[in-house]
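Structure, as structure tokens:
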Amino acid sequence: MNEGQFDFRRVRRRFRRPLRTGAGEVDAVERILLRTRTANGLGYGEVAPWPGFPTESIEDATEVLRSANGQLAHLSAVVAASSALPCLAAALSSCRHWDAIAAWNGALPCAGLLTDDPTDLAKKQAAGFRTLKLKLLPTTSIAEVRALLAGFDGTLRLDANGGLDLTAARAWTEFVRAEPRIEFLEQPLPVGHAGYASLGAAKVALDESFLTPAGLDWAGPVVVKPALVGDWDAFRAWRRAQPARPVTYSSSFETAIGRQGALWLAAQDGAGAAVGFDTLGRFELDGRERHANGPEARGLLDLSWDGFWNELA
Ligand SMILES: [Mg+2]
């Protein structure tokens, strides 16, 4: 029986510059940090929904947390009984595995994220990134991507954030399949678009269309945001059952607590694909990020998580 107590803190984080997402521009996000206290000690987790993904909202999560009134058994039971609370389920998973998470100091290859800044390519190459991700705009042409590949000898990922129509998606998919240094095209079409069946799954990765493994009808690559994927033990069981599927782990702009947990989850996957965690430094300085940026996403060993928690107040 899952005995114990919990408390939580809600924090608002403002981006330095509005961030372009699949659901439009975002100025700020709210997160809930969760702390559990059981006979086994303290655990930490983070509720970090992301615009455009159909999880519970911060308001929904806050209401569930308030009504559980600090009782962990009550909270765990409510979350386990619902499929509509994947962020809370992920946060509770992080709390349960916190000893292992806090002890993780490994390093994972990380993909660099190219923004609209034209100097990004040179900067990311100089920093040593071997995989880069480019967000496709409606104006991006295949010729531009060819030019980018000509100036970079690593691997590229393309992300359309659901912004293509079927004709454009077909053209990009054909290009991506013919180009060995492009790993995949992410979310070419909007969520639920019938055209996915005709595009086919090879080198087409679902991101906004993938939340949790429950009910997934897609044989191809998926992008997993650990903060949104629901219960981590259930996810890992699903993953173990299909080791050949390409899976990419990706950030939802977590604080240090969520990042440490998400990287730990990614590290449990033996496939070793570069993770999408080049997300640090995008918020106004608020002391809530502690990991180092770079072509390797590393765990943090030298942080007092209790101290981090206390500074959130
Ligand atoms: Mg994406």
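How things are named: the first chain in the structure tokens is A, the next is B, and so on; residues count from 1 in each chain; ligands count from 1 in the order shown.
Those protein and nucleic acid residues that have any atom within 7 Å of ligand 1 are, using only C-alpha atoms and all ligand atoms, Asp159, Asn161, Glu186, Gln187, Asp207 and Glu208 of chain A.
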Item to complete: Would you kindly return, as an NGL selection string, each protein, DNA or RNA residue with an atom no farther than 12 Å from any atom of A:Arg290, considering only C-alpha atoms and excluding same-chain residues fewer than 5 positions away?
Response: :A and (254-260 or 280-281 or 285 or 297-305 or 308)
Item to complete: Could you please write out, as a PyMOL selection string, every residue of stretch 71-240 of chain A that DSSP assigns to alpha helix (DSSP H)?
Response: chain A and resi 72-80+86-96+98-102+120-127+142-150+166-178+196-199+232-240
Worksheet item: With only C-alpha atoms as the atoms that count, which of A:Asp153, A:Glu3, A:Glu311, A:Glu296 lies nearest to A:Asn105?
Response: A:Glu296
Discussion item. Taking 3 positions as the minimum chain separation for residues in the same chain, which residues sit within 9 Å of stretch 135-150 of chain A when counting only C-alpha atoms? Answer as a count of residues only.
Written reply: 21
Item to complete: Considering only C-alpha atoms, return as a VMD selection string whatever protein or nucleic-acid residues lie within 9 Å of A:Val204, sequence-local ones (same chain, fewer than 5 positions apart) excluded.
Response: chain A and resid 173 176 184 to 188 196 199 220 to 222
Keeping only N, CA and C atoms, take the residues you just selected and write them out as an mmCIF file, in the first residue's frame.
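The result, written out as selection.cif:
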```
data_model
loop_
_atom_site.group_PDB
_atom_site.id
_atom_site.type_symbol
_atom_site.label_atom_id
_atom_site.label_comp_id
_atom_site.auth_asym_id
_atom_site.auth_seq_id
_atom_site.Cartn_x
_atom_site.Cartn_y
_atom_site.Cartn_z
ATOM 1 N N THR A 173 8.226 13.589 -47.182
ATOM 2 C CA THR A 173 8.457 12.201 -46.777
ATOM 3 C C THR A 173 9.347 11.483 -47.793
ATOM 4 N N VAL A 176 12.886 12.731 -47.327
ATOM 5 C CA VAL A 176 13.490 12.219 -46.087
ATOM 6 C C VAL A 176 13.884 10.746 -46.245
ATOM 7 N N PHE A 184 14.376 11.328 -39.390
ATOM 8 C CA PHE A 184 12.922 11.221 -39.554
ATOM 9 C C PHE A 184 12.320 12.599 -39.778
ATOM 10 N N LEU A 185 11.071 12.566 -40.220
ATOM 11 C CA LEU A 185 10.229 13.762 -40.320
ATOM 12 C C LEU A 185 9.191 13.641 -39.215
ATOM 13 N N GLU A 186 9.177 14.646 -38.348
ATOM 14 C CA GLU A 186 8.305 14.574 -37.174
ATOM 15 C C GLU A 186 6.983 15.285 -37.461
ATOM 16 N N GLN A 187 5.908 14.614 -37.141
ATOM 17 C CA GLN A 187 4.547 15.174 -37.160
ATOM 18 C C GLN A 187 4.286 16.018 -38.416
ATOM 19 N N PRO A 188 4.330 15.392 -39.613
ATOM 20 C CA PRO A 188 4.075 16.179 -40.819
ATOM 21 C C PRO A 188 2.665 16.764 -40.873
ATOM 22 N N TYR A 196 -2.095 10.121 -42.604
ATOM 23 C CA TYR A 196 -0.983 9.330 -42.062
ATOM 24 C C TYR A 196 -0.960 7.918 -42.633
ATOM 25 N N LEU A 199 0.697 8.075 -45.987
ATOM 26 C CA LEU A 199 2.130 8.407 -45.943
ATOM 27 C C LEU A 199 2.957 7.191 -45.580
ATOM 28 N N GLY A 220 5.401 3.125 -36.639
ATOM 29 C CA GLY A 220 6.643 3.845 -36.878
ATOM 30 C C GLY A 220 7.230 4.496 -35.652
ATOM 31 N N PRO A 221 8.198 5.405 -35.891
ATOM 32 C CA PRO A 221 8.865 6.077 -34.769
ATOM 33 C C PRO A 221 7.893 6.943 -33.971
ATOM 34 N N VAL A 222 8.191 7.101 -32.689
ATOM 35 C CA VAL A 222 7.420 8.031 -31.856
ATOM 36 C C VAL A 222 8.383 8.888 -31.042
#
```
Fill in: Nearby residues (only C-alpha atoms) at most 9 Å from stretch 17-19 of chain A, same-chain spacing under 6 positions excluded, as a PyMOL selection string
chain A and resi 25-28+282-284
Worksheet item: Leaving out stretch 42-57 of chain A and any residue of its chain fewer than 2 positions from it, which residues lie within 6 Å of it when counting only C-alpha atoms, given as a PyMOL selection string?
Response: chain A and resi 23+31-37+59-60+85+87-88+91+94-95+98+208+227+258
Go ahead and save the residues from that selection, with N, CA and C atoms, as an mmCIF file, in the first residue's frame.
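Result saved to selection-v2.cif:
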```
data_model
loop_
_atom_site.group_PDB
_atom_site.id
_atom_site.type_symbol
_atom_site.label_atom_id
_atom_site.label_comp_id
_atom_site.auth_asym_id
_atom_site.auth_seq_id
_atom_site.Cartn_x
_atom_site.Cartn_y
_atom_site.Cartn_z
ATOM 1 N N ALA A 23 1.283 24.615 -31.190
ATOM 2 C CA ALA A 23 0.008 25.242 -30.840
ATOM 3 C C ALA A 23 0.114 26.767 -30.835
ATOM 4 N N ARG A 31 4.180 25.149 -14.126
ATOM 5 C CA ARG A 31 4.537 23.793 -13.748
ATOM 6 C C ARG A 31 4.149 23.563 -12.293
ATOM 7 N N ILE A 32 3.893 22.313 -11.948
ATOM 8 C CA ILE A 32 3.662 21.958 -10.551
ATOM 9 C C ILE A 32 4.771 21.003 -10.142
ATOM 10 N N LEU A 33 5.446 21.347 -9.057
ATOM 11 C CA LEU A 33 6.458 20.444 -8.515
ATOM 12 C C LEU A 33 5.848 19.710 -7.337
ATOM 13 N N LEU A 34 6.097 18.422 -7.336
ATOM 14 C CA LEU A 34 5.451 17.535 -6.381
ATOM 15 C C LEU A 34 6.525 16.906 -5.505
ATOM 16 N N ARG A 35 6.255 16.843 -4.199
ATOM 17 C CA ARG A 35 7.187 16.174 -3.287
ATOM 18 C C ARG A 35 6.405 15.154 -2.480
ATOM 19 N N THR A 36 6.884 13.919 -2.491
ATOM 20 C CA THR A 36 6.230 12.888 -1.684
ATOM 21 C C THR A 36 7.137 12.508 -0.518
ATOM 22 N N ARG A 37 6.512 12.106 0.552
ATOM 23 C CA ARG A 37 7.257 11.696 1.744
ATOM 24 C C ARG A 37 6.685 10.354 2.192
ATOM 25 N N GLU A 59 -4.531 23.592 -14.247
ATOM 26 C CA GLU A 59 -5.693 23.784 -13.360
ATOM 27 C C GLU A 59 -6.302 22.446 -12.949
ATOM 28 N N ASP A 60 -6.456 21.538 -13.924
ATOM 29 C CA ASP A 60 -7.008 20.208 -13.603
ATOM 30 C C ASP A 60 -6.129 19.516 -12.567
ATOM 31 N N LEU A 85 -5.094 11.794 -16.747
ATOM 32 C CA LEU A 85 -4.136 12.520 -15.910
ATOM 33 C C LEU A 85 -2.696 12.033 -16.161
ATOM 34 N N CYS A 87 0.067 13.549 -16.968
ATOM 35 C CA CYS A 87 1.171 14.327 -16.382
ATOM 36 C C CYS A 87 1.315 14.005 -14.898
ATOM 37 N N LEU A 88 0.203 13.888 -14.206
ATOM 38 C CA LEU A 88 0.275 13.515 -12.790
ATOM 39 C C LEU A 88 0.814 12.097 -12.627
ATOM 40 N N ALA A 91 4.498 12.320 -13.010
ATOM 41 C CA ALA A 91 5.119 12.969 -11.840
ATOM 42 C C ALA A 91 5.181 12.004 -10.654
ATOM 43 N N SER A 94 7.979 9.549 -11.166
ATOM 44 C CA SER A 94 9.264 10.164 -10.826
ATOM 45 C C SER A 94 9.484 10.122 -9.312
ATOM 46 N N CYS A 95 8.450 10.449 -8.552
ATOM 47 C CA CYS A 95 8.574 10.406 -7.076
ATOM 48 C C CYS A 95 8.927 8.996 -6.605
ATOM 49 N N TRP A 98 12.559 8.115 -7.295
ATOM 50 C CA TRP A 98 13.461 9.241 -7.092
ATOM 51 C C TRP A 98 14.862 8.836 -6.643
ATOM 52 N N GLU A 208 3.067 15.216 -31.583
ATOM 53 C CA GLU A 208 1.778 15.674 -31.054
ATOM 54 C C GLU A 208 0.722 14.563 -31.097
ATOM 55 N N ALA A 227 7.390 13.647 -19.509
ATOM 56 C CA ALA A 227 6.465 14.351 -18.620
ATOM 57 C C ALA A 227 5.009 14.120 -18.996
ATOM 58 N N GLY A 258 12.114 17.872 -13.225
ATOM 59 C CA GLY A 258 11.532 17.141 -14.345
ATOM 60 C C GLY A 258 12.591 16.674 -15.330
#
```
Item to complete: Write out as JSON, numbers by chain all residues of stretch 82-299 of chain A that DSSP puts in strand (DSSP E or B) for this structure's backbone.
Response: {"A": [107, 108, 109, 110, 112, 113, 114, 131, 132, 133, 134, 135, 155, 156, 157, 158, 159, 182, 183, 184, 185, 186, 204, 205, 206, 222, 223, 224, 247, 248, 249, 250, 275, 276, 283, 296, 297, 298]}
Any chance you can output those residues with C-alpha atoms as a PDB file, in the first residue's frame?
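Here's the written file part.pdb:
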```pdb
ATOM      1  CA  ALA A 107      25.254  11.196 -20.210  1.00  0.00           C
ATOM      2  CA  LEU A 108      23.053  10.861 -23.289  1.00  0.00           C
ATOM      3  CA  PRO A 109      23.781  12.186 -26.786  1.00  0.00           C
ATOM      4  CA  CYS A 110      21.581  15.233 -27.291  1.00  0.00           C
ATOM      5  CA  GLY A 112      20.752  20.414 -31.014  1.00  0.00           C
ATOM      6  CA  LEU A 113      17.708  22.518 -31.751  1.00  0.00           C
ATOM      7  CA  LEU A 114      18.100  25.053 -34.569  1.00  0.00           C
ATOM      8  CA  THR A 131      22.387  15.502 -34.489  1.00  0.00           C
ATOM      9  CA  LEU A 132      20.409  18.648 -35.234  1.00  0.00           C
ATOM     10  CA  LYS A 133      16.715  19.282 -35.381  1.00  0.00           C
ATOM     11  CA  LEU A 134      15.165  21.794 -37.740  1.00  0.00           C
ATOM     12  CA  LYS A 135      11.602  23.058 -37.404  1.00  0.00           C
ATOM     13  CA  THR A 155      22.343  13.674 -38.777  1.00  0.00           C
ATOM     14  CA  LEU A 156      19.299  15.874 -39.194  1.00  0.00           C
ATOM     15  CA  ARG A 157      15.747  15.603 -37.875  1.00  0.00           C
ATOM     16  CA  LEU A 158      12.904  17.632 -39.348  1.00  0.00           C
ATOM     17  CA  ASP A 159       9.849  18.692 -37.356  1.00  0.00           C
ATOM     18  CA  ILE A 182      17.820  12.572 -42.186  1.00  0.00           C
ATOM     19  CA  GLU A 183      16.634  10.427 -39.329  1.00  0.00           C
ATOM     20  CA  PHE A 184      12.922  11.221 -39.554  1.00  0.00           C
ATOM     21  CA  LEU A 185      10.229  13.762 -40.320  1.00  0.00           C
ATOM     22  CA  GLU A 186       8.305  14.574 -37.174  1.00  0.00           C
ATOM     23  CA  VAL A 204       7.616   9.434 -40.097  1.00  0.00           C
ATOM     24  CA  ALA A 205       7.626  10.127 -36.357  1.00  0.00           C
ATOM     25  CA  LEU A 206       4.565  10.982 -34.310  1.00  0.00           C
ATOM     26  CA  VAL A 222       7.420   8.031 -31.856  1.00  0.00           C
ATOM     27  CA  VAL A 223       8.633  10.975 -29.835  1.00  0.00           C
ATOM     28  CA  VAL A 224       8.155  10.367 -26.124  1.00  0.00           C
ATOM     29  CA  VAL A 247      11.838   6.051 -29.919  1.00  0.00           C
ATOM     30  CA  THR A 248      13.144   9.559 -29.286  1.00  0.00           C
ATOM     31  CA  TYR A 249      12.874  11.114 -25.823  1.00  0.00           C
ATOM     32  CA  SER A 250      12.098  14.781 -25.733  1.00  0.00           C
ATOM     33  CA  VAL A 275      17.529  12.858 -26.918  1.00  0.00           C
ATOM     34  CA  GLY A 276      15.717  16.112 -27.650  1.00  0.00           C
ATOM     35  CA  PHE A 283      13.396  30.969 -19.807  1.00  0.00           C
ATOM     36  CA  GLU A 296      25.591  15.429 -24.065  1.00  0.00           C
ATOM     37  CA  ALA A 297      22.640  15.706 -21.698  1.00  0.00           C
ATOM     38  CA  ARG A 298      24.049  14.759 -18.308  1.00  0.00           C
TER      39      ARG A 298
END
```
Worksheet item: Pick from A:Ala313, A:Leu92, A:Ala202, A:Ala102: nearest to A:Pro226, with only C-alpha atoms counted?
Response: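 Under the stated criterion, the closest residue is A:Leu92.
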Practice prompt. Do a neighbour search on A:His193 at 10 Å with only C-alpha atoms, toss out local chain neighbours closer than 6 positions, and write the hits as a list in words.
Written response: Gly162, Asp165, Leu166 and Ser209 of chain A
Item to complete: May I ask for the distance between atom CA of A:Asp120 and atom CA of A:Thr279, given in Å to one decimal place?
Response: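 Result for atom CA of A:Asp120 versus atom CA of A:Thr279: 13.7 Å, one decimal.
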